[in-house]
$ cat run.pdb   # PDB, C-alpha atoms, pLDDT in the B column
ATOM      1  CA  MET O  83       0.000   0.000   0.000  1.00 41.00           C
ATOM      2  CA  ASP O  84       1.237   3.511  -0.787  1.00 44.00           C
ATOM      3  CA  SER O  85       2.923   5.013   2.296  1.00 48.00           C
ATOM      4  CA  THR O  86       0.981   8.275   1.926  1.00 72.00           C
ATOM      5  CA  LEU O  87      -2.409   6.589   1.666  1.00 81.00           C
ATOM      6  CA  GLU O  88      -4.360   5.739   4.807  1.00 84.00           C
ATOM      7  CA  ILE O  89      -7.359   3.407   4.966  1.00 81.00           C
ATOM      8  CA  LYS O  90      -9.082   3.259   8.321  1.00 74.00           C
ATOM      9  CA  GLY O  91     -12.148   1.601   9.777  1.00 69.00           C
ATOM     10  CA  ILE O  92     -14.956   3.851  11.049  1.00 68.00           C
ATOM     11  CA  ALA O  93     -18.463   3.191  12.316  1.00 59.00           C
ATOM     12  CA  ASP O  94     -19.892   3.700   8.814  1.00 64.00           C
ATOM     13  CA  GLY O  95     -17.435   1.406   7.047  1.00 71.00           C
ATOM     14  CA  LEU O  96     -14.007   2.467   5.763  1.00 79.00           C
ATOM     15  CA  LEU O  97     -12.320   5.859   5.533  1.00 83.00           C
ATOM     16  CA  ALA O  98      -9.716   6.474   2.814  1.00 88.00           C
ATOM     17  CA  VAL O  99      -7.493   9.492   3.536  1.00 89.00           C
ATOM     18  CA  LEU O 100      -5.853  10.684   0.316  1.00 88.00           C
ATOM     19  CA  PRO O 101      -2.796  12.964   0.153  1.00 81.00           C
ATOM     20  CA  ALA O 102      -3.598  16.357  -1.320  1.00 70.00           C
ATOM     21  CA  ASP O 103      -0.618  16.798  -3.655  1.00 71.00           C
ATOM     22  CA  ASP O 104      -1.556  14.600  -6.634  1.00 80.00           C
ATOM     23  CA  TRP O 105      -5.172  13.531  -7.196  1.00 85.00           C
ATOM     24  CA  SER O 106      -4.464  11.078 -10.017  1.00 87.00           C
ATOM     25  CA  ALA O 107      -1.624   9.344  -8.167  1.00 88.00           C
ATOM     26  CA  SER O 108      -3.705   9.159  -4.982  1.00 89.00           C
ATOM     27  CA  VAL O 109      -6.651   7.593  -6.781  1.00 91.00           C
ATOM     28  CA  GLU O 110      -4.334   5.118  -8.494  1.00 91.00           C
ATOM     29  CA  ALA O 111      -2.847   4.150  -5.095  1.00 89.00           C
ATOM     30  CA  LEU O 112      -6.322   3.686  -3.626  1.00 91.00           C
ATOM     31  CA  LEU O 113      -7.526   1.469  -6.457  1.00 93.00           C
ATOM     32  CA  ASP O 114      -4.297  -0.527  -6.381  1.00 91.00           C
ATOM     33  CA  ALA O 115      -4.711  -1.119  -2.623  1.00 87.00           C
ATOM     34  CA  ILE O 116      -8.265  -2.334  -3.208  1.00 89.00           C
ATOM     35  CA  ASP O 117      -7.219  -4.589  -6.092  1.00 91.00           C
ATOM     36  CA  ARG O 118      -4.504  -6.206  -3.976  1.00 86.00           C
ATOM     37  CA  ARG O 119      -6.936  -6.882  -1.100  1.00 81.00           C
ATOM     38  CA  ALA O 120     -10.112  -7.434  -3.107  1.00 82.00           C
ATOM     39  CA  ASP O 121     -11.653  -9.946  -0.704  1.00 74.00           C
ATOM     40  CA  PHE O 122     -11.271  -7.559   2.225  1.00 71.00           C
ATOM     41  CA  PHE O 123     -12.741  -4.544   0.447  1.00 80.00           C
ATOM     42  CA  ARG O 124     -15.568  -6.223  -1.483  1.00 81.00           C
ATOM     43  CA  GLY O 125     -18.918  -4.810  -0.316  1.00 82.00           C
ATOM     44  CA  ALA O 126     -17.338  -2.018   1.757  1.00 82.00           C
ATOM     45  CA  GLN O 127     -18.937   1.381   2.344  1.00 85.00           C
ATOM     46  CA  LEU O 128     -16.153   3.897   1.650  1.00 88.00           C
ATOM     47  CA  THR O 129     -15.858   7.495   2.805  1.00 90.00           C
ATOM     48  CA  LEU O 130     -13.219   9.594   1.009  1.00 91.00           C
ATOM     49  CA  GLN O 131     -11.259  12.291   2.859  1.00 90.00           C
ATOM     50  CA  VAL O 132      -9.328  14.547   0.473  1.00 89.00           C
ATOM     51  CA  GLY O 133      -8.366  17.539   2.628  1.00 85.00           C
ATOM     52  CA  GLU O 134      -7.364  20.556   0.519  1.00 85.00           C
ATOM     53  CA  ALA O 135      -7.275  18.634  -2.768  1.00 84.00           C
ATOM     54  CA  GLU O 136      -9.450  19.955  -5.593  1.00 87.00           C
ATOM     55  CA  ALA O 137     -11.705  17.309  -7.119  1.00 88.00           C
ATOM     56  CA  ARG O 138     -14.320  18.162  -9.739  1.00 90.00           C
ATOM     57  CA  ALA O 139     -17.596  16.345 -10.263  1.00 91.00           C
ATOM     58  CA  GLY O 140     -16.085  14.399 -13.156  1.00 92.00           C
ATOM     59  CA  ASP O 141     -13.189  13.254 -10.963  1.00 92.00           C
ATOM     60  CA  LEU O 142     -15.504  12.034  -8.212  1.00 93.00           C
ATOM     61  CA  GLY O 143     -17.891  10.466 -10.699  1.00 92.00           C
ATOM     62  CA  ARG O 144     -15.124   8.492 -12.390  1.00 94.00           C
ATOM     63  CA  LEU O 145     -13.786   7.336  -9.023  1.00 94.00           C
ATOM     64  CA  ARG O 146     -17.269   6.307  -7.896  1.00 93.00           C
ATOM     65  CA  ASP O 147     -17.654   4.230 -11.073  1.00 94.00           C
ATOM     66  CA  ALA O 148     -14.213   2.636 -10.635  1.00 95.00           C
ATOM     67  CA  LEU O 149     -15.057   1.720  -7.036  1.00 94.00           C
ATOM     68  CA  ALA O 150     -18.457   0.346  -8.031  1.00 93.00           C
ATOM     69  CA  ALA O 151     -16.757  -1.912 -10.578  1.00 94.00           C
ATOM     70  CA  ARG O 152     -14.782  -3.341  -7.643  1.00 92.00           C
ATOM     71  CA  GLU O 153     -17.965  -3.754  -5.551  1.00 90.00           C
ATOM     72  CA  VAL O 154     -16.999  -0.882  -3.246  1.00 90.00           C
ATOM     73  CA  HIS O 155     -19.625   1.803  -2.544  1.00 92.00           C
ATOM     74  CA  LEU O 156     -18.526   5.448  -2.281  1.00 93.00           C
ATOM     75  CA  ARG O 157     -20.893   6.721   0.404  1.00 90.00           C
ATOM     76  CA  ALA O 158     -19.457  10.172   1.161  1.00 91.00           C
ATOM     77  CA  VAL O 159     -16.677  12.674   0.462  1.00 92.00           C
ATOM     78  CA  ARG O 160     -14.995  14.942   3.009  1.00 89.00           C
ATOM     79  CA  GLY O 161     -13.032  17.880   1.648  1.00 87.00           C
ATOM     80  CA  ASP O 162     -11.999  21.439   2.473  1.00 86.00           C
ATOM     81  CA  HIS O 163     -11.662  22.874  -1.058  1.00 87.00           C
ATOM     82  CA  PRO O 164     -14.804  24.793  -2.167  1.00 88.00           C
ATOM     83  CA  ALA O 165     -14.775  23.136  -5.598  1.00 89.00           C
ATOM     84  CA  THR O 166     -14.584  19.674  -4.016  1.00 88.00           C
ATOM     85  CA  GLN O 167     -17.414  20.476  -1.630  1.00 89.00           C
ATOM     86  CA  GLU O 168     -19.580  21.764  -4.490  1.00 90.00           C
ATOM     87  CA  ALA O 169     -18.855  18.704  -6.643  1.00 89.00           C
ATOM     88  CA  ALA O 170     -19.565  16.314  -3.775  1.00 88.00           C
ATOM     89  CA  ALA O 171     -22.784  18.138  -2.947  1.00 89.00           C
ATOM     90  CA  ASN O 172     -23.939  17.940  -6.576  1.00 89.00           C
ATOM     91  CA  LEU O 173     -23.362  14.171  -6.492  1.00 86.00           C
ATOM     92  CA  GLY O 174     -25.052  13.756  -3.120  1.00 88.00           C
ATOM     93  CA  LEU O 175     -21.759  12.749  -1.489  1.00 89.00           C
ATOM     94  CA  LEU O 176     -20.804  15.733   0.678  1.00 84.00           C
ATOM     95  CA  GLU O 177     -19.842  15.056   4.282  1.00 77.00           C
ATOM     96  CA  GLN O 178     -18.104  17.530   6.556  1.00 52.00           C
ATOM     97  CA  PRO O 179     -14.630  16.531   7.828  1.00 48.00           C
ATOM     98  CA  ARG O 180     -14.349  15.042  11.283  1.00 48.00           C
ATOM     99  CA  THR O 181     -11.453  13.594  13.239  1.00 43.00           C
ATOM    100  CA  PRO O 182     -11.485   9.782  13.468  1.00 42.00           C
ATOM    101  CA  GLU O 183     -11.359   8.438  17.016  1.00 42.00           C
ATOM    102  CA  PRO O 184      -8.338   6.304  17.959  1.00 41.00           C
ATOM    103  CA  PRO O 185      -8.936   2.557  18.118  1.00 40.00           C
ATOM    104  CA  PRO O 186      -9.673   1.098  21.566  1.00 38.00           C
ATOM    105  CA  ASP O 187      -7.776  -1.668  23.296  1.00 40.00           C
ATOM    106  CA  VAL O 188      -4.565  -1.295  21.283  1.00 46.00           C
ATOM    107  CA  ASP O 189      -1.569  -1.328  23.592  1.00 41.00           C
ATOM    108  CA  ALA O 190      -0.233   2.237  23.561  1.00 33.00           C
ATOM    109  CA  GLU O 191       3.313   1.329  24.530  1.00 35.00           C
ATOM    110  CA  GLY O 192       3.495  -1.373  21.878  1.00 38.00           C
ATOM    111  CA  GLY O 193       3.000   1.240  19.191  1.00 38.00           C
ATOM    112  CA  ALA O 194       1.023  -1.027  16.869  1.00 41.00           C
ATOM    113  CA  PRO O 195      -1.115   1.316  14.739  1.00 44.00           C
ATOM    114  CA  GLY O 196      -4.593  -0.014  14.110  1.00 45.00           C
ATOM    115  CA  VAL O 197      -7.960   1.312  13.032  1.00 42.00           C
ATOM    116  CA  GLU O 198     -11.412   0.578  14.312  1.00 42.00           C
ATOM    117  CA  GLY O 199     -14.161  -0.921  12.187  1.00 42.00           C
ATOM    118  CA  GLU O 200     -17.732  -1.743  13.182  1.00 43.00           C
ATOM    119  CA  ASP O 201     -16.638  -5.047  14.712  1.00 74.00           C
ATOM    120  CA  SER O 202     -13.123  -5.478  13.407  1.00 83.00           C
ATOM    121  CA  LEU O 203      -9.701  -3.914  13.713  1.00 86.00           C
ATOM    122  CA  PHE O 204      -7.360  -3.509  10.715  1.00 86.00           C
ATOM    123  CA  VAL O 205      -3.657  -3.372  11.604  1.00 88.00           C
ATOM    124  CA  GLN O 206      -1.823  -2.191   8.513  1.00 86.00           C
ATOM    125  CA  ARG O 207       1.777  -3.088   9.309  1.00 87.00           C
ATOM    126  CA  THR O 208       3.975  -5.834  10.713  1.00 90.00           C
ATOM    127  CA  LEU O 209       3.637  -6.429  14.452  1.00 90.00           C
ATOM    128  CA  ARG O 210       7.077  -6.733  15.994  1.00 89.00           C
ATOM    129  CA  SER O 211       8.200  -8.128  19.341  1.00 88.00           C
ATOM    130  CA  GLY O 212       6.526  -6.250  22.185  1.00 86.00           C
ATOM    131  CA  HIS O 213       3.508  -5.111  20.166  1.00 87.00           C
ATOM    132  CA  LYS O 214       0.183  -6.088  21.701  1.00 85.00           C
ATOM    133  CA  VAL O 215      -3.262  -5.843  20.114  1.00 86.00           C
ATOM    134  CA  HIS O 216      -6.351  -6.596  22.219  1.00 83.00           C
ATOM    135  CA  TYR O 217      -9.758  -6.055  20.599  1.00 81.00           C
ATOM    136  CA  PRO O 218     -13.356  -7.088  21.417  1.00 80.00           C
ATOM    137  CA  GLY O 219     -14.067  -8.228  17.855  1.00 84.00           C
ATOM    138  CA  HIS O 220     -12.203  -9.533  14.804  1.00 90.00           C
ATOM    139  CA  VAL O 221      -8.583  -8.577  14.058  1.00 91.00           C
ATOM    140  CA  VAL O 222      -7.145  -8.400  10.535  1.00 92.00           C
ATOM    141  CA  VAL O 223      -3.401  -7.845  10.118  1.00 92.00           C
ATOM    142  CA  LEU O 224      -2.063  -6.772   6.735  1.00 91.00           C
ATOM    143  CA  GLY O 225       1.498  -7.783   7.501  1.00 90.00           C
ATOM    144  CA  ASP O 226       3.452 -10.273   9.602  1.00 93.00           C
ATOM    145  CA  VAL O 227       3.133 -11.067  13.302  1.00 94.00           C
ATOM    146  CA  ASN O 228       6.666 -11.605  14.584  1.00 93.00           C
ATOM    147  CA  PRO O 229       7.737 -13.697  17.595  1.00 92.00           C
ATOM    148  CA  GLY O 230       7.105 -11.720  20.781  1.00 91.00           C
ATOM    149  CA  ALA O 231       4.025  -9.959  19.380  1.00 91.00           C
ATOM    150  CA  GLU O 232       0.584 -10.773  20.780  1.00 90.00           C
ATOM    151  CA  ILE O 233      -2.971 -10.642  19.440  1.00 92.00           C
ATOM    152  CA  VAL O 234      -6.009 -11.246  21.634  1.00 88.00           C
ATOM    153  CA  ALA O 235      -9.389 -11.019  19.903  1.00 88.00           C
ATOM    154  CA  ALA O 236     -12.924 -11.873  20.929  1.00 87.00           C
ATOM    155  CA  GLY O 237     -13.590 -12.931  17.330  1.00 89.00           C
ATOM    156  CA  ASN O 238     -11.495 -14.256  14.447  1.00 93.00           C
ATOM    157  CA  VAL O 239      -7.868 -13.388  13.683  1.00 95.00           C
ATOM    158  CA  ILE O 240      -6.775 -13.125  10.034  1.00 94.00           C
ATOM    159  CA  VAL O 241      -3.133 -12.484   9.173  1.00 95.00           C
ATOM    160  CA  TRP O 242      -2.286 -11.610   5.580  1.00 92.00           C
ATOM    161  CA  GLY O 243       1.319 -12.635   6.150  1.00 92.00           C
ATOM    162  CA  ARG O 244       3.430 -14.810   8.466  1.00 93.00           C
ATOM    163  CA  LEU O 245       2.060 -15.542  11.938  1.00 94.00           C
ATOM    164  CA  ARG O 246       4.926 -16.259  14.341  1.00 93.00           C
ATOM    165  CA  GLY O 247       3.772 -14.601  17.565  1.00 93.00           C
ATOM    166  CA  THR O 248       1.136 -15.440  20.177  1.00 93.00           C
ATOM    167  CA  VAL O 249      -2.524 -15.341  19.187  1.00 94.00           C
ATOM    168  CA  HIS O 250      -5.763 -15.943  21.085  1.00 93.00           C
ATOM    169  CA  ALA O 251      -8.995 -15.909  19.060  1.00 93.00           C
ATOM    170  CA  GLY O 252     -12.411 -16.334  20.654  1.00 90.00           C
ATOM    171  CA  ALA O 253     -10.960 -14.876  23.839  1.00 85.00           C
ATOM    172  CA  GLY O 254     -14.421 -14.589  25.376  1.00 79.00           C
ATOM    173  CA  GLY O 255     -14.842 -18.358  25.171  1.00 83.00           C
ATOM    174  CA  GLU O 256     -16.076 -18.561  21.558  1.00 87.00           C
ATOM    175  CA  ASP O 257     -14.973 -21.924  20.173  1.00 90.00           C
ATOM    176  CA  THR O 258     -16.296 -21.153  16.679  1.00 92.00           C
ATOM    177  CA  ALA O 259     -13.587 -18.510  16.133  1.00 93.00           C
ATOM    178  CA  VAL O 260     -10.800 -19.213  13.647  1.00 94.00           C
ATOM    179  CA  VAL O 261      -7.221 -18.097  13.037  1.00 95.00           C
ATOM    180  CA  CYS O 262      -6.103 -17.781   9.407  1.00 94.00           C
ATOM    181  CA  ALA O 263      -2.652 -16.924   8.070  1.00 93.00           C
ATOM    182  CA  LEU O 264      -0.667 -17.236   4.880  1.00 92.00           C
ATOM    183  CA  ASP O 265       2.024 -18.918   6.992  1.00 92.00           C
ATOM    184  CA  LEU O 266       0.594 -20.291  10.240  1.00 92.00           C
ATOM    185  CA  ALA O 267       3.407 -20.990  12.705  1.00 90.00           C
ATOM    186  CA  PRO O 268       2.565 -19.161  15.960  1.00 91.00           C
ATOM    187  CA  THR O 269       4.609 -19.460  19.121  1.00 90.00           C
ATOM    188  CA  GLN O 270       1.353 -20.201  20.894  1.00 90.00           C
ATOM    189  CA  LEU O 271      -2.196 -20.402  19.562  1.00 92.00           C
ATOM    190  CA  ARG O 272      -5.441 -20.387  21.520  1.00 92.00           C
ATOM    191  CA  ILE O 273      -9.052 -20.561  20.379  1.00 93.00           C
ATOM    192  CA  GLY O 274     -11.510 -20.218  23.226  1.00 89.00           C
ATOM    193  CA  ALA O 275     -10.185 -22.439  26.014  1.00 86.00           C
ATOM    194  CA  HIS O 276      -8.138 -24.630  23.639  1.00 90.00           C
ATOM    195  CA  ILE O 277      -4.387 -24.069  23.405  1.00 87.00           C
ATOM    196  CA  ALA O 278      -1.629 -25.435  21.168  1.00 83.00           C
ATOM    197  CA  VAL O 279       2.012 -24.828  20.312  1.00 71.00           C
ATOM    198  CA  SER O 280       3.067 -25.097  16.672  1.00 65.00           C
ATOM    199  CA  PRO O 281       5.169 -28.181  15.806  1.00 57.00           C
ATOM    200  CA  ASP O 282       8.395 -27.838  13.865  1.00 56.00           C
ATOM    201  CA  ARG O 283       7.829 -26.735  10.280  1.00 57.00           C
ATOM    202  CA  ARG O 284       7.725 -29.530   7.722  1.00 59.00           C
ATOM    203  CA  GLY O 285       7.722 -28.648   4.054  1.00 64.00           C
ATOM    204  CA  LYS O 286       6.890 -25.290   2.527  1.00 77.00           C
ATOM    205  CA  PRO O 287       4.510 -22.887   4.296  1.00 79.00           C
ATOM    206  CA  ARG O 288       0.962 -22.672   2.970  1.00 84.00           C
ATOM    207  CA  PRO O 289      -2.169 -20.716   3.885  1.00 91.00           C
ATOM    208  CA  GLU O 290      -3.910 -22.467   6.783  1.00 92.00           C
ATOM    209  CA  THR O 291      -6.884 -22.054   9.083  1.00 93.00           C
ATOM    210  CA  ALA O 292      -6.800 -23.102  12.721  1.00 92.00           C
ATOM    211  CA  LEU O 293     -10.172 -24.044  14.205  1.00 93.00           C
ATOM    212  CA  ILE O 294     -11.873 -26.296  16.705  1.00 92.00           C
ATOM    213  CA  ARG O 295     -13.170 -29.512  15.166  1.00 90.00           C
ATOM    214  CA  ASP O 296     -14.652 -32.320  17.268  1.00 89.00           C
ATOM    215  CA  GLY O 297     -13.271 -30.682  20.384  1.00 87.00           C
ATOM    216  CA  GLN O 298      -9.705 -30.508  19.045  1.00 89.00           C
ATOM    217  CA  LEU O 299      -7.677 -27.545  17.811  1.00 89.00           C
ATOM    218  CA  VAL O 300      -6.601 -28.423  14.278  1.00 89.00           C
ATOM    219  CA  ALA O 301      -5.039 -26.697  11.260  1.00 89.00           C
ATOM    220  CA  GLU O 302      -6.478 -27.145   7.774  1.00 89.00           C
ATOM    221  CA  PRO O 303      -5.737 -25.601   4.363  1.00 89.00           C
ATOM    222  CA  TRP O 304      -7.174 -22.078   4.174  1.00 82.00           C
ATOM    223  CA  SER O 305      -9.905 -22.243   1.559  1.00 68.00           C
ATOM    224  CA  ILE O 306     -13.505 -21.178   1.126  1.00 50.00           C
ATOM    225  CA  GLU O 307     -14.503 -24.826   0.826  1.00 51.00           C
ATOM    226  CA  GLY O 308     -12.862 -25.533   4.169  1.00 44.00           C
ATOM    227  CA  ARG O 309     -15.231 -23.194   6.047  1.00 46.00           C
ATOM    228  CA  ARG O 310     -18.891 -24.218   6.030  1.00 43.00           C
TER
END
$ encode --input "run.pdb" --output "structure tokens"
Amino acid sequence: MDSTLEIKGIADGLLAVLPADDWSASVEALLDAIDRRADFFRGAQLTLQVGEAEARAGDLGRLRDALAAREVHLRAVRGDHPATQEAAANLGLLEQPRTPEPPPDVDAEGGAPGVEGEDSLFVQRTLRSGHKVHYPGHVVVLGDVNPGAEIVAAGNVIVWGRLRGTVHAGAGGEDTAVVCALDLAPTQLRIGAHIAVSPDRRGKPRPETALIRDGQLVAEPWSIEGRR
């Protein structure tokens, strides 16, 4: 994801904060981020925050169409430039800027930046040793979870990367929670009251899902067919 582009969870869906210096490059970065994480963004309600950038009605209309083609709905636009506000108003998209609230239950000293969604937390970086993320919902990490990092979630934990740290899904006692990772090799893994330590790696890593089946914590290939 472009380092100047921010995508955050808010109560109404997702908030995309675009840099104000280059509209075309910012839009390209946004669409590229969505294309690379299509499954995560599909069906999302997106609010666009453009700051001082000038966007005409044609610009916003073309972006709305491009998002719709990716099954993402542009619900509102926040902007400070008069031309942007007028264009958004004409398209029925105008929303006044507001400051997003910081995500709850993210360990402040750990420094792991996350963003709050309606019932999920997106962490858009690698979690390194000492980082702790505790959240009363689902946690999605777009990065790795290194040894010494910890995730505790009341719901599911999905890691779009290597999971090497400690993870506890279903922390409220929910045995139907799952842990998914592109490379599932945690130091310690818990789902509900069940706990396991990863065995030594054999063969090449592959996407896997950890879940409770017949009272046992097991790992299976991560696939849509595997979750019914």
$ residues_around --input "run.pdb" --residues "O:Pro218" --least-positions-apart "6" --cutoff "10 Å" --atoms "only C-alpha atoms" --output "number ranges by chain"
O: 186-187, 201-203, 234-237, 252-254
$ resolve_selection --input "run.pdb" --expression "the PyMOL selection byres ((chain O and resi 276) around 10)" --output "list in words"
His250, Ala251, Gly252, Gly255, Asp257, Leu271, Arg272, Ile273, Gly274, Ala275, Ile277, Ala278, Leu293, Ile294, Gly297, Gln298 and Leu299 of chain O
$ resolve_selection --input "run.pdb" --expression "the PyMOL selection byres ((chain O and resi 105) around 12)" --output "list in words"
Leu87, Val99, Leu100, Pro101, Ala102, Asp103, Asp104, Ser106, Ala107, Ser108, Val109, Glu110, Ala111, Leu112, Gln131, Val132, Gly133, Glu134, Ala135, Glu136, Ala137, Arg138, Asp141, Leu142, Leu145 and Thr166 of chain O
$ resolve_selection --input "run.pdb" --expression "the PyMOL selection byres ((chain O and resi 210-212) around 7)" --output "PDB file with C-alpha atoms, in the frame of the given file"
ATOM      1  CA  GLY O 192       3.495  -1.373  21.878  1.00 38.00           C
ATOM      2  CA  THR O 208       3.975  -5.834  10.713  1.00 90.00           C
ATOM      3  CA  LEU O 209       3.637  -6.429  14.452  1.00 90.00           C
ATOM      4  CA  HIS O 213       3.508  -5.111  20.166  1.00 87.00           C
ATOM      5  CA  LYS O 214       0.183  -6.088  21.701  1.00 85.00           C
ATOM      6  CA  VAL O 227       3.133 -11.067  13.302  1.00 94.00           C
ATOM      7  CA  ASN O 228       6.666 -11.605  14.584  1.00 93.00           C
ATOM      8  CA  PRO O 229       7.737 -13.697  17.595  1.00 92.00           C
ATOM      9  CA  GLY O 230       7.105 -11.720  20.781  1.00 91.00           C
ATOM     10  CA  ALA O 231       4.025  -9.959  19.380  1.00 91.00           C
TER      11      ALA O 231
END
$ atom_distance --input "run.pdb" --atom1 "atom CA of O:His155" --atom2 "atom CA of O:Val241"
24.8 Å
$ build_atoms --input "run.pdb" --residues "stretch 111-131 of chain O" --atoms "N, CA and C atoms" --output "PDB file, keeping the file's coordinate frame"
ATOM      1  N   ALA O 111      -3.296   4.893  -6.278  1.00 89.00           N
ATOM      2  CA  ALA O 111      -2.847   4.150  -5.095  1.00 89.00           C
ATOM      3  C   ALA O 111      -4.019   3.508  -4.374  1.00 89.00           C
ATOM      4  N   LEU O 112      -5.132   4.219  -4.284  1.00 91.00           N
ATOM      5  CA  LEU O 112      -6.322   3.686  -3.626  1.00 91.00           C
ATOM      6  C   LEU O 112      -6.857   2.468  -4.370  1.00 91.00           C
ATOM      7  N   LEU O 113      -6.997   2.584  -5.668  1.00 93.00           N
ATOM      8  CA  LEU O 113      -7.526   1.469  -6.457  1.00 93.00           C
ATOM      9  C   LEU O 113      -6.572   0.273  -6.438  1.00 93.00           C
ATOM     10  N   ASP O 114      -5.278   0.554  -6.450  1.00 91.00           N
ATOM     11  CA  ASP O 114      -4.297  -0.527  -6.381  1.00 91.00           C
ATOM     12  C   ASP O 114      -4.393  -1.256  -5.042  1.00 91.00           C
ATOM     13  N   ALA O 115      -4.564  -0.496  -3.944  1.00 87.00           N
ATOM     14  CA  ALA O 115      -4.711  -1.119  -2.623  1.00 87.00           C
ATOM     15  C   ALA O 115      -5.946  -2.000  -2.582  1.00 87.00           C
ATOM     16  N   ILE O 116      -7.034  -1.544  -3.183  1.00 89.00           N
ATOM     17  CA  ILE O 116      -8.265  -2.334  -3.208  1.00 89.00           C
ATOM     18  C   ILE O 116      -8.089  -3.583  -4.059  1.00 89.00           C
ATOM     19  N   ASP O 117      -7.429  -3.438  -5.206  1.00 91.00           N
ATOM     20  CA  ASP O 117      -7.219  -4.589  -6.092  1.00 91.00           C
ATOM     21  C   ASP O 117      -6.373  -5.664  -5.411  1.00 91.00           C
ATOM     22  N   ARG O 118      -5.386  -5.243  -4.614  1.00 86.00           N
ATOM     23  CA  ARG O 118      -4.504  -6.206  -3.976  1.00 86.00           C
ATOM     24  C   ARG O 118      -5.135  -6.863  -2.747  1.00 86.00           C
ATOM     25  N   ARG O 119      -6.230  -6.314  -2.255  1.00 81.00           N
ATOM     26  CA  ARG O 119      -6.936  -6.882  -1.100  1.00 81.00           C
ATOM     27  C   ARG O 119      -8.429  -6.965  -1.417  1.00 81.00           C
ATOM     28  N   ALA O 120      -8.742  -7.477  -2.597  1.00 82.00           N
ATOM     29  CA  ALA O 120     -10.112  -7.434  -3.107  1.00 82.00           C
ATOM     30  C   ALA O 120     -11.104  -8.094  -2.168  1.00 82.00           C
ATOM     31  N   ASP O 121     -10.725  -9.233  -1.580  1.00 74.00           N
ATOM     32  CA  ASP O 121     -11.653  -9.946  -0.704  1.00 74.00           C
ATOM     33  C   ASP O 121     -11.984  -9.141   0.537  1.00 74.00           C
ATOM     34  N   PHE O 122     -11.029  -8.350   1.030  1.00 71.00           N
ATOM     35  CA  PHE O 122     -11.271  -7.559   2.225  1.00 71.00           C
ATOM     36  C   PHE O 122     -12.162  -6.359   1.930  1.00 71.00           C
ATOM     37  N   PHE O 123     -12.023  -5.772   0.751  1.00 80.00           N
ATOM     38  CA  PHE O 123     -12.741  -4.544   0.447  1.00 80.00           C
ATOM     39  C   PHE O 123     -14.096  -4.777  -0.227  1.00 80.00           C
ATOM     40  N   ARG O 124     -14.327  -5.961  -0.757  1.00 81.00           N
ATOM     41  CA  ARG O 124     -15.568  -6.223  -1.483  1.00 81.00           C
ATOM     42  C   ARG O 124     -16.781  -5.982  -0.588  1.00 81.00           C
ATOM     43  N   GLY O 125     -17.702  -5.120  -1.063  1.00 82.00           N
ATOM     44  CA  GLY O 125     -18.918  -4.810  -0.316  1.00 82.00           C
ATOM     45  C   GLY O 125     -18.760  -3.687   0.687  1.00 82.00           C
ATOM     46  N   ALA O 126     -17.588  -3.058   0.759  1.00 82.00           N
ATOM     47  CA  ALA O 126     -17.338  -2.018   1.757  1.00 82.00           C
ATOM     48  C   ALA O 126     -18.059  -0.721   1.414  1.00 82.00           C
ATOM     49  N   GLN O 127     -18.414   0.023   2.460  1.00 85.00           N
ATOM     50  CA  GLN O 127     -18.937   1.381   2.344  1.00 85.00           C
ATOM     51  C   GLN O 127     -17.757   2.323   2.593  1.00 85.00           C
ATOM     52  N   LEU O 128     -17.378   3.109   1.582  1.00 88.00           N
ATOM     53  CA  LEU O 128     -16.153   3.897   1.650  1.00 88.00           C
ATOM     54  C   LEU O 128     -16.457   5.389   1.727  1.00 88.00           C
ATOM     55  N   THR O 129     -15.849   6.036   2.706  1.00 90.00           N
ATOM     56  CA  THR O 129     -15.858   7.495   2.805  1.00 90.00           C
ATOM     57  C   THR O 129     -14.491   8.004   2.373  1.00 90.00           C
ATOM     58  N   LEU O 130     -14.462   9.057   1.555  1.00 91.00           N
ATOM     59  CA  LEU O 130     -13.219   9.594   1.009  1.00 91.00           C
ATOM     60  C   LEU O 130     -12.908  10.918   1.685  1.00 91.00           C
ATOM     61  N   GLN O 131     -11.715  11.038   2.251  1.00 90.00           N
ATOM     62  CA  GLN O 131     -11.259  12.291   2.859  1.00 90.00           C
ATOM     63  C   GLN O 131     -10.110  12.831   2.034  1.00 90.00           C
TER      64      GLN O 131
END
